[in-house]
file my_file.txt (compact mmCIF, C-alpha atoms)
# COMPACT_ATOMS: atom_id res chain seq x y z
CA MET A 129 128.63 40.15 7.69
CA HIS A 130 126.53 43.10 8.96
CA ALA A 131 129.08 45.55 7.59
CA THR A 132 128.89 43.89 4.18
CA LEU A 133 125.08 44.15 4.14
CA SER A 134 125.16 47.82 5.16
CA PHE A 135 127.70 48.59 2.43
CA ALA A 136 125.50 46.78 -0.14
CA ARG A 137 122.46 48.80 0.90
CA LEU A 138 124.45 52.01 0.60
CA LEU A 139 125.47 51.11 -2.95
CA GLN A 140 121.82 50.35 -3.74
CA HIS A 141 120.72 53.80 -2.59
CA ARG A 142 123.51 55.46 -4.55
CA ALA A 143 122.36 53.62 -7.66
CA ARG A 144 118.85 54.99 -7.06
CA PRO A 145 119.36 58.56 -5.88
CA LYS A 146 115.65 59.51 -6.10
CA ALA A 147 114.29 56.67 -4.02
CA LEU A 148 115.44 57.91 -0.59
CA PRO A 149 114.20 61.54 -0.91
CA LEU A 150 110.83 60.29 -2.15
CA LEU A 151 110.50 57.98 0.79
CA LEU A 152 111.35 60.83 3.17
CA LEU A 153 108.76 63.11 1.55
CA GLN A 154 106.06 60.47 1.49
CA PRO A 155 104.53 61.24 4.95
CA LEU A 156 104.19 64.94 3.96
CA LEU A 157 102.00 64.18 0.95
CA ALA A 158 98.21 64.47 1.09
CA PRO A 159 96.30 61.21 1.43
CA GLY A 160 95.64 59.55 -1.87
CA ARG A 161 98.51 61.38 -3.65
CA LYS A 162 101.41 59.04 -3.12
CA MET A 163 104.57 59.55 -5.14
CA HIS A 164 106.35 56.56 -6.54
CA SER A 165 109.71 56.06 -8.03
CA ALA A 166 110.16 54.81 -11.57
CA GLN A 167 111.26 51.49 -10.18
CA ASN A 168 108.20 51.15 -7.93
CA LYS A 169 105.18 52.01 -10.07
CA PRO A 170 101.77 51.53 -8.49
CA THR A 171 99.50 48.76 -9.66
CA PRO A 172 96.33 50.27 -11.14
CA ALA A 173 93.26 49.56 -9.08
CA PRO A 174 90.81 47.20 -10.69
CA THR A 175 87.79 48.92 -12.15
CA SER A 176 84.35 47.43 -11.95
CA THR A 177 82.73 46.61 -15.28
CA PRO A 178 78.97 46.41 -15.74
CA GLN A 179 77.72 42.89 -16.20
CA ASN A 180 76.19 43.75 -19.55
CA THR A 181 79.19 45.48 -21.06
CA GLN A 182 77.80 45.71 -24.56
CA ASP A 183 75.04 48.03 -23.38
CA TYR A 184 77.33 50.59 -21.79
CA SER A 185 80.41 50.57 -23.96
CA SER A 186 81.39 53.81 -25.63
CA PRO A 187 80.27 54.23 -29.25
CA SER A 188 82.90 54.14 -31.94
CA ASP A 189 82.25 57.78 -32.85
CA GLY A 190 83.50 58.97 -29.48
CA THR A 191 80.17 60.25 -28.15
CA SER A 192 79.52 60.05 -24.43
CA VAL A 193 77.44 57.33 -22.83
CA GLU A 194 75.32 57.71 -19.72
CA HIS A 195 76.44 56.07 -16.53
CA PRO A 196 74.77 52.71 -15.90
CA ARG A 197 73.38 53.91 -12.56
CA GLN A 198 71.50 56.69 -14.32
CA ARG A 199 70.18 54.31 -16.93
CA TRP A 200 68.85 51.84 -14.36
CA LYS A 201 66.94 54.48 -12.44
CA ILE A 202 63.15 54.14 -12.43
CA GLN A 203 61.74 56.91 -14.61
CA THR A 204 58.27 58.08 -15.49
CA SER A 205 57.07 58.79 -18.99
CA ALA A 206 57.26 62.53 -18.30
CA GLN A 207 60.91 62.25 -17.24
CA LEU A 208 61.76 60.25 -20.35
CA LEU A 209 59.92 62.77 -22.49
CA GLY A 210 61.96 65.53 -20.87
CA ARG A 211 65.12 63.78 -22.05
CA GLY A 212 63.76 63.74 -25.58
CA GLY A 213 61.05 61.88 -27.44
CA GLY A 214 63.62 59.41 -28.74
CA ALA A 215 64.35 58.04 -25.26
CA LEU A 216 60.65 57.54 -24.52
CA GLY A 217 60.08 55.99 -27.93
CA ARG A 218 62.94 53.51 -27.47
CA VAL A 219 61.59 52.36 -24.11
CA TYR A 220 58.06 51.77 -25.39
CA SER A 221 59.43 50.17 -28.54
CA ASP A 222 61.37 47.68 -26.40
CA LEU A 223 58.33 47.22 -24.18
CA SER A 224 56.26 46.29 -27.25
CA LYS A 225 58.99 43.95 -28.57
CA ASP A 226 58.99 45.86 -31.83
CA LYS A 227 60.66 43.13 -33.91
CA LEU A 228 58.20 40.48 -32.76
CA THR A 229 55.29 42.88 -33.26
CA GLY A 230 56.48 43.64 -36.79
CA PHE A 231 56.68 39.94 -37.51
CA VAL A 232 53.09 39.42 -36.30
CA VAL A 233 51.85 42.27 -38.50
CA LEU A 234 53.64 40.85 -41.55
CA THR A 235 51.99 37.45 -41.11
CA ALA A 236 48.61 39.17 -40.76
CA MET A 237 49.29 41.10 -43.97
CA ALA A 238 50.19 37.83 -45.69
CA GLY A 239 46.80 36.43 -44.68
CA TYR A 240 45.13 39.54 -46.08
CA ALA A 241 47.04 39.26 -49.37
CA VAL A 242 46.26 35.56 -49.87
CA ALA A 243 42.56 35.77 -48.99
CA PRO A 244 40.01 36.07 -51.81
CA GLY A 245 38.38 39.45 -52.31
CA ALA A 246 39.24 42.92 -53.50
CA THR A 247 41.88 44.84 -51.58
CA GLN A 248 40.67 48.00 -49.84
CA VAL A 249 43.46 50.32 -48.75
CA ALA A 250 41.60 51.72 -45.73
CA THR A 251 40.76 48.25 -44.42
CA LEU A 252 44.34 47.10 -44.97
CA LEU A 253 45.72 50.09 -43.04
CA TRP A 254 43.32 49.68 -40.12
CA THR A 255 44.11 45.97 -40.00
CA GLY A 256 47.79 46.82 -39.67
CA VAL A 257 47.15 49.44 -36.98
CA GLY A 258 44.83 47.23 -34.95
CA THR A 259 47.09 44.19 -35.18
CA THR A 260 50.11 46.28 -34.18
CA LEU A 261 48.36 47.59 -31.06
CA CYS A 262 47.06 44.15 -30.08
CA ALA A 263 50.54 42.61 -30.44
CA ALA A 264 52.12 45.50 -28.50
CA SER A 265 49.55 45.03 -25.74
CA ALA A 266 50.20 41.29 -25.44
CA ASN A 267 53.98 41.76 -25.36
CA THR A 268 53.78 44.58 -22.79
CA LEU A 269 51.51 42.66 -20.45
CA ASN A 270 53.78 39.63 -20.78
CA GLN A 271 56.78 41.70 -19.67
CA TRP A 272 54.79 43.31 -16.86
CA ILE A 273 53.95 39.86 -15.46
CA GLU A 274 57.42 38.35 -15.93
CA VAL A 275 59.60 41.15 -14.48
CA PRO A 276 61.14 39.00 -11.67
CA TYR A 277 62.00 36.22 -14.10
CA ASP A 278 63.26 38.47 -16.91
CA ALA A 279 65.76 39.95 -14.44
CA GLN A 280 67.31 36.49 -13.94
CA MET A 281 67.95 35.74 -17.62
CA SER A 282 70.84 37.22 -19.56
CA ARG A 283 68.65 37.37 -22.68
CA THR A 284 65.90 39.43 -21.03
CA ARG A 285 67.50 41.27 -18.11
CA ASN A 286 67.96 44.41 -20.23
CA ARG A 287 64.26 44.75 -21.00
CA PRO A 288 62.74 48.08 -19.85
CA LEU A 289 60.94 46.82 -16.74
CA ALA A 290 63.74 44.44 -15.73
CA ARG A 291 66.27 47.29 -15.79
CA HIS A 292 63.78 49.73 -14.16
CA ALA A 293 63.72 52.11 -17.12
CA LEU A 294 59.99 52.63 -16.61
CA ALA A 295 57.61 52.38 -13.67
CA PRO A 296 55.49 49.19 -13.76
CA HIS A 297 52.15 51.05 -13.54
CA HIS A 298 53.07 53.07 -16.64
CA ALA A 299 53.78 49.84 -18.53
CA LEU A 300 50.51 48.31 -17.34
CA GLY A 301 48.58 51.40 -18.44
CA PHE A 302 50.23 51.31 -21.85
CA GLY A 303 49.49 47.61 -22.31
CA VAL A 304 45.83 47.91 -21.36
CA THR A 305 45.33 51.06 -23.47
CA ALA A 306 46.98 49.51 -26.53
CA GLY A 307 44.79 46.42 -26.21
CA VAL A 308 41.56 48.38 -25.86
CA VAL A 309 42.37 50.77 -28.71
CA GLY A 310 43.61 47.96 -30.97
CA THR A 311 40.56 45.73 -30.56
CA THR A 312 38.23 48.73 -30.86
CA ALA A 313 39.91 49.82 -34.10
CA LEU A 314 39.54 46.32 -35.53
CA TRP A 315 35.88 46.15 -34.46
CA VAL A 316 34.89 49.58 -35.82
CA PHE A 317 37.02 49.89 -38.96
CA VAL A 318 37.49 46.24 -39.99
CA ASN A 319 34.95 43.74 -38.62
CA PRO A 320 33.99 42.04 -35.32
CA VAL A 321 35.62 38.72 -36.27
CA ALA A 322 39.05 40.35 -36.68
CA ALA A 323 38.54 42.21 -33.37
CA MET A 324 37.64 39.04 -31.47
CA LEU A 325 40.68 37.26 -32.91
CA GLY A 326 42.89 40.15 -31.78
CA ALA A 327 41.42 40.10 -28.26
CA ALA A 328 41.75 36.31 -28.09
CA ASN A 329 45.42 36.55 -29.01
CA ILE A 330 46.07 39.03 -26.18
CA ALA A 331 44.38 36.69 -23.71
CA LEU A 332 46.22 33.64 -25.04
CA TYR A 333 49.68 35.22 -24.91
CA ALA A 334 49.51 37.44 -21.83
CA GLY A 335 47.22 35.10 -19.92
CA ALA A 336 47.40 31.41 -20.73
CA TYR A 337 50.87 31.15 -22.30
CA THR A 338 52.62 33.39 -19.76
CA ALA A 339 51.12 31.49 -16.82
CA MET A 340 51.81 28.05 -18.28
CA LYS A 341 55.51 28.71 -18.91
CA ARG A 342 56.28 27.93 -15.26
CA LEU A 343 53.86 24.99 -14.99
CA THR A 344 54.07 22.63 -17.97
CA ILE A 345 55.85 22.06 -21.25
CA ALA A 346 52.44 22.31 -22.95
CA ASN A 347 53.05 26.07 -22.93
CA THR A 348 54.87 25.68 -26.27
CA TRP A 349 51.70 24.42 -27.98
CA VAL A 350 49.68 27.31 -26.55
CA GLY A 351 52.36 29.77 -27.66
CA SER A 352 52.21 28.27 -31.15
CA LEU A 353 48.47 28.93 -31.24
CA VAL A 354 49.27 32.59 -30.61
CA GLY A 355 51.49 32.60 -33.69
CA ALA A 356 48.77 30.94 -35.77
CA VAL A 357 46.13 33.65 -35.17
CA PRO A 358 47.54 36.68 -37.12
CA PRO A 359 46.95 35.15 -40.60
CA LEU A 360 43.33 34.57 -39.55
CA ILE A 361 43.02 38.25 -38.62
CA GLY A 362 44.27 39.28 -42.05
CA TRP A 363 42.05 36.78 -43.86
CA ALA A 364 38.97 37.85 -41.89
CA ALA A 365 39.74 41.49 -42.66
CA ALA A 366 39.90 40.81 -46.40
CA THR A 367 36.76 38.67 -46.61
CA GLY A 368 34.47 40.58 -44.27
CA GLY A 369 34.75 38.04 -41.48
CA SER A 370 34.53 34.66 -43.20
CA LEU A 371 37.30 32.10 -42.73
CA GLY A 372 37.55 29.62 -45.58
CA PRO A 373 39.60 26.40 -45.78
CA GLY A 374 42.63 28.29 -47.08
CA ALA A 375 42.65 30.46 -43.95
CA TRP A 376 42.82 27.45 -41.65
CA VAL A 377 45.57 25.79 -43.71
CA LEU A 378 47.62 28.99 -43.66
CA SER A 379 47.08 29.23 -39.89
CA ALA A 380 48.12 25.58 -39.48
CA MET A 381 51.32 26.30 -41.40
CA MET A 382 52.11 29.14 -38.99
CA PHE A 383 51.34 26.85 -36.05
CA ALA A 384 53.70 24.13 -37.31
CA TRP A 385 56.49 26.59 -38.12
CA GLN A 386 56.62 27.79 -34.50
CA PHE A 387 58.11 24.51 -33.25
CA PRO A 388 61.36 24.28 -35.24
CA HIS A 389 61.75 28.03 -34.76
CA PHE A 390 61.15 28.20 -31.01
CA ASN A 391 62.50 24.79 -29.97
CA SER A 392 65.87 25.55 -31.54
CA LEU A 393 65.99 28.91 -29.80
CA ALA A 394 64.91 27.37 -26.48
CA TYR A 395 67.71 24.79 -26.71
CA THR A 396 70.30 27.55 -27.02
CA LEU A 397 68.75 29.36 -24.04
CA ARG A 398 68.00 26.31 -21.91
CA ALA A 399 70.39 27.38 -19.13
CA ASP A 400 68.63 30.73 -18.85
CA TYR A 401 65.19 29.12 -18.85
CA SER A 402 66.27 26.69 -16.15
CA LYS A 403 67.65 29.49 -13.99
CA ALA A 404 64.39 31.43 -14.23
CA GLY A 405 62.30 28.36 -13.43
CA TYR A 406 60.55 27.98 -16.80
CA ARG A 407 59.37 24.52 -17.75
CA MET A 408 60.49 24.20 -21.34
CA MET A 409 61.00 21.04 -23.35
CA SER A 410 64.62 22.05 -23.91
CA VAL A 411 65.15 21.98 -20.13
CA THR A 412 63.06 19.03 -18.95
CA HIS A 413 62.91 16.87 -22.12
CA PRO A 414 65.74 17.85 -24.48
CA ARG A 415 65.30 14.82 -26.74
CA LEU A 416 61.57 15.47 -27.04
CA ASN A 417 62.39 19.09 -27.84
CA ALA A 418 64.44 18.05 -30.89
CA ARG A 419 61.94 15.38 -31.91
CA VAL A 420 59.00 17.81 -31.87
CA ALA A 421 60.98 20.32 -33.92
CA LEU A 422 61.62 17.67 -36.60
CA ARG A 423 58.03 16.43 -36.53
CA TYR A 424 56.51 19.81 -37.27
CA ALA A 425 59.20 20.70 -39.81
CA VAL A 426 58.18 17.60 -41.80
CA LEU A 427 54.50 18.53 -41.37
CA MET A 428 55.10 21.60 -43.55
CA PHE A 429 55.14 19.34 -46.65
CA PRO A 430 51.53 18.04 -46.41
CA LEU A 431 50.32 21.48 -45.27
CA SER A 432 51.80 23.03 -48.40
CA ALA A 433 50.00 20.40 -50.46
CA ALA A 434 46.77 21.22 -48.61
CA LEU A 435 47.16 24.87 -49.59
CA VAL A 436 47.18 23.76 -53.23
CA ALA A 437 44.19 21.47 -52.65
CA THR A 438 42.13 24.38 -51.30
CA GLY A 439 42.86 26.39 -54.44
CA THR A 440 44.81 29.05 -52.57
CA ALA A 441 47.95 28.41 -54.65
CA ASP A 442 48.61 26.74 -57.99
CA ILE A 443 50.15 23.30 -58.47
CA TRP A 444 53.64 24.70 -58.99
CA PHE A 445 53.68 25.83 -55.38
CA LEU A 446 54.35 22.20 -54.45
CA ALA A 447 57.73 22.28 -56.18
CA ASP A 448 58.85 25.66 -54.85
CA SER A 449 57.67 25.05 -51.30
CA SER A 450 59.32 21.61 -51.20
CA VAL A 451 62.73 23.23 -51.68
CA VAL A 452 62.18 25.69 -48.85
CA ASN A 453 60.56 23.12 -46.56
CA GLY A 454 63.31 20.62 -47.35
CA LEU A 455 66.03 23.01 -46.20
CA MET A 456 64.40 23.57 -42.82
CA ALA A 457 63.53 19.88 -42.46
CA TYR A 458 67.15 18.92 -43.10
CA CYS A 459 68.37 21.33 -40.41
CA ALA A 460 65.74 19.91 -38.04
CA TYR A 461 66.90 16.38 -38.84
CA GLU A 462 70.51 17.27 -38.07
CA PHE A 463 69.40 18.89 -34.82
CA TRP A 464 67.42 15.77 -33.91
CA ARG A 465 70.36 13.44 -34.63
CA HIS A 466 72.93 15.45 -32.69
CA PRO A 467 71.41 18.19 -30.53
CA ASP A 468 74.05 20.82 -29.85
CA PRO A 469 74.22 24.65 -29.86
CA ARG A 470 75.72 24.82 -33.35
CA ARG A 471 72.93 22.77 -34.94
CA SER A 472 70.24 24.53 -32.92
CA ARG A 473 71.45 27.91 -34.18
CA ARG A 474 71.52 26.58 -37.74
CA LEU A 475 67.90 25.42 -37.43
CA PHE A 476 66.88 28.73 -35.85
CA PHE A 477 68.37 30.84 -38.64
CA SER A 478 66.97 28.51 -41.32
CA SER A 479 63.50 29.06 -39.82
CA LEU A 480 64.02 32.83 -39.99
CA VAL A 481 64.70 32.50 -43.72
CA HIS A 482 62.04 29.85 -44.28
CA LEU A 483 58.92 31.73 -43.25
CA PRO A 484 59.24 34.99 -45.25
CA VAL A 485 60.33 33.04 -48.34
CA LEU A 486 57.39 30.65 -47.97
CA MET A 487 54.90 33.53 -47.48
CA ILE A 488 56.24 35.25 -50.59
CA LEU A 489 55.87 32.02 -52.56
CA VAL A 490 52.28 31.64 -51.34
CA MET A 491 51.43 35.17 -52.49
CA VAL A 492 53.16 34.71 -55.85
CA HIS A 493 51.44 31.43 -56.61
CA LYS A 494 48.12 32.80 -55.41
CA ALA A 495 48.51 35.65 -57.91
CA LEU A 496 49.34 33.13 -60.65
CA GLN A 497 46.30 31.07 -59.69
CA ASP A 498 44.03 34.14 -59.87
CA ARG A 499 45.49 35.08 -63.25
CA LYS A 500 44.83 31.60 -64.59
CA ARG A 501 41.21 31.76 -63.39
CA ARG A 502 40.68 35.14 -65.04
CA ILE A 503 42.01 33.81 -68.35
CA GLU A 504 39.72 30.76 -68.12
CA LEU A 505 36.75 33.00 -67.30
CA LEU A 506 37.48 35.25 -70.28
CA ALA A 507 37.77 32.22 -72.51
CA GLN A 508 34.38 30.95 -71.38
CA THR A 509 32.62 34.28 -71.83
CA ALA A 510 34.26 35.16 -75.17
CA PRO A 511 31.99 34.83 -78.23
CA ALA A 512 32.54 31.75 -80.38

call {"tool": "encode", "arguments": {"input": "my_file.txt", "output": "structure tokens"}}
result
Amino acid sequence: MHATLSFARLLQHRARPKALPLLLLQPLLAPGRKMHSAQNKPTPAPTSTPQNTQDYSSPSDGTSVEHPRQRWKIQTSAQLLGRGGGALGRVYSDLSKDKLTGFVVLTAMAGYAVAPGATQVATLLWTGVGTTLCAASANTLNQWIEVPYDAQMSRTRNRPLARHALAPHHALGFGVTAGVVGTTALWVFVNPVAAMLGAANIALYAGAYTAMKRLTIANTWVGSLVGAVPPLIGWAAATGGSLGPGAWVLSAMMFAWQFPHFNSLAYTLRADYSKAGYRMMSVTHPRLNARVALRYAVLMFPLSAALVATGTADIWFLADSSVVNGLMAYCAYEFWRHPDPRRSRRLFFSSLVHLPVLMILVMVHKALQDRKRRIELLAQTAPA
């Protein structure tokens, strides 16, 4: 039996003439440079992949990407500036939440456009600058406070402070400076009412709302107040500081819109919010979360009618706005009946379409209303 096994092994080595010499040479090789036969290929060692692979993947054009460890290193503004102004600009743009800031400025501009009074280009520009700086300040201070919690959420862990792209004291200095300059610009170049509204929004968002997120679900109502202020800033800028009935109705529409928009987003992110310890309706009261979203989506109908009643838009706005409001209300109804990620995303995206379309309709029908009034005034003053 032993002779048979030895003969079989000999035949095996003759069938693989390279295997035996390689095995004999193996001890002579330098460490880490093992030679393998074609029949005994090494298994490639597993490579570690960053948790957020989309941020560090190579671009399609073949350009190089920095190593994640370099990107997560704490850097000062001077170091970022040394790498190029684009790197510093991207960090501060993310710190300001540029998309959210742009959205705030657009709603303020809508308030300016709808308000009665002649448009002054300088006032309009300074309103945009001041509102931009106030929004950037509020968003920066919010991130500065929430660094430990942002690092726990997949949605926010790549923010500049959470990934240590900037030292916290630099972010704090930027947030405070932007707030002071923004409110000062509104006070000096626009009017004190617009400046006080801008300062109040910073305090509401960075102070009250940020603190309440870990305490009570009432934080959503406070956050919605933050979203309702920008149209008031624009209206006050256009009218010299007075806030008529149309301003408050427009602000109420922005307040109501926040709930279907945010509650649908919060439902999709409820696992992240729970992990970070935030008390959101989507986490603690999911059915209430869907019910509140539907309630405020339906409220957009009477608010649109109130905008007509105040004379801000003509009667035809009721028909146009009902179509837009009906689409979002239907998505909110479906989300209320069967809350799930698919319906929450549908409601979220419908809200993203709803608001700009509604603001455009308000401005169009306001222009039509003004044109009608001018024609009636000319008819009254024309000689018989």

call {"tool": "closest_residue", "arguments": {"input": "my_file.txt", "among": "A:Val275, A:Leu427, A:Leu261, A:Leu289", "to": "Ala313 (chain A)", "atoms": "only C-alpha atoms"}}
result
A:Leu261

call {"tool": "closest_residue", "arguments": {"input": "my_file.txt", "among": "A:Thr338, A:Thr440, A:Asn319, A:Thr412", "to": "Val242 (chain A)", "atoms": "all atoms listed in the file"}}
result
A:Thr440

call {"tool": "residues_around", "arguments": {"input": "my_file.txt", "residues": "region 380-387 of chain A", "least_positions_apart": "4", "cutoff": "7 Å", "atoms": "all atoms listed in the file", "output": "ChimeraX atom specification"}}
result
/A:352-353,355-356,376,391,420-421,424-425,427-428,431

call {"tool": "closest_residue", "arguments": {"input": "my_file.txt", "among": "A:Asp226, A:Leu446, A:Ser432, A:Ala238", "to": "Pro359 (chain A)", "atoms": "only C-alpha atoms"}}
result
A:Ala238

call {"tool": "atom_distance", "arguments": {"input": "my_file.txt", "atom1": "CA of Ser224 (chain A)", "atom2": "CA of Asn267 (chain A)"}}
result
5.4 Å

call {"tool": "closest_residue", "arguments": {"input": "my_file.txt", "among": "A:Ile330, A:Leu483, A:Ala495, A:Ala447", "to": "Phe231 (chain A)", "atoms": "only C-alpha atoms"}}
result
A:Leu483

call {"tool": "residues_around", "arguments": {"input": "my_file.txt", "residues": "region 250-259 of chain A", "least_positions_apart": "3", "cutoff": "6 Å", "atoms": "only C-alpha atoms", "output": "mmCIF file with C-alpha atoms, in the coordinates of the input"}}
result
data_model
loop_
_atom_site.group_PDB
_atom_site.id
_atom_site.type_symbol
_atom_site.label_atom_id
_atom_site.label_comp_id
_atom_site.auth_asym_id
_atom_site.auth_seq_id
_atom_site.Cartn_x
_atom_site.Cartn_y
_atom_site.Cartn_z
ATOM 1 C CA CYS A 262 47.060 44.150 -30.080
ATOM 2 C CA GLY A 310 43.610 47.960 -30.970
ATOM 3 C CA ALA A 313 39.910 49.820 -34.100
ATOM 4 C CA LEU A 314 39.540 46.320 -35.530
ATOM 5 C CA VAL A 318 37.490 46.240 -39.990
#

call {"tool": "closest_residue", "arguments": {"input": "my_file.txt", "among": "A:Met456, A:Ala331, A:Ala279, A:Ala215", "to": "Ala263 (chain A)", "atoms": "all atoms listed in the file"}}
result
A:Ala331

call {"tool": "closest_residue", "arguments": {"input": "my_file.txt", "among": "A:Ala264, A:Thr396, A:Met487, A:Arg465", "to": "Ala236 (chain A)", "atoms": "only C-alpha atoms"}}
result
A:Met487

call {"tool": "atom_distance", "arguments": {"input": "my_file.txt", "atom1": "CA of Val309 (chain A)", "atom2": "CA of Trp272 (chain A)"}}
result
18.7 Å
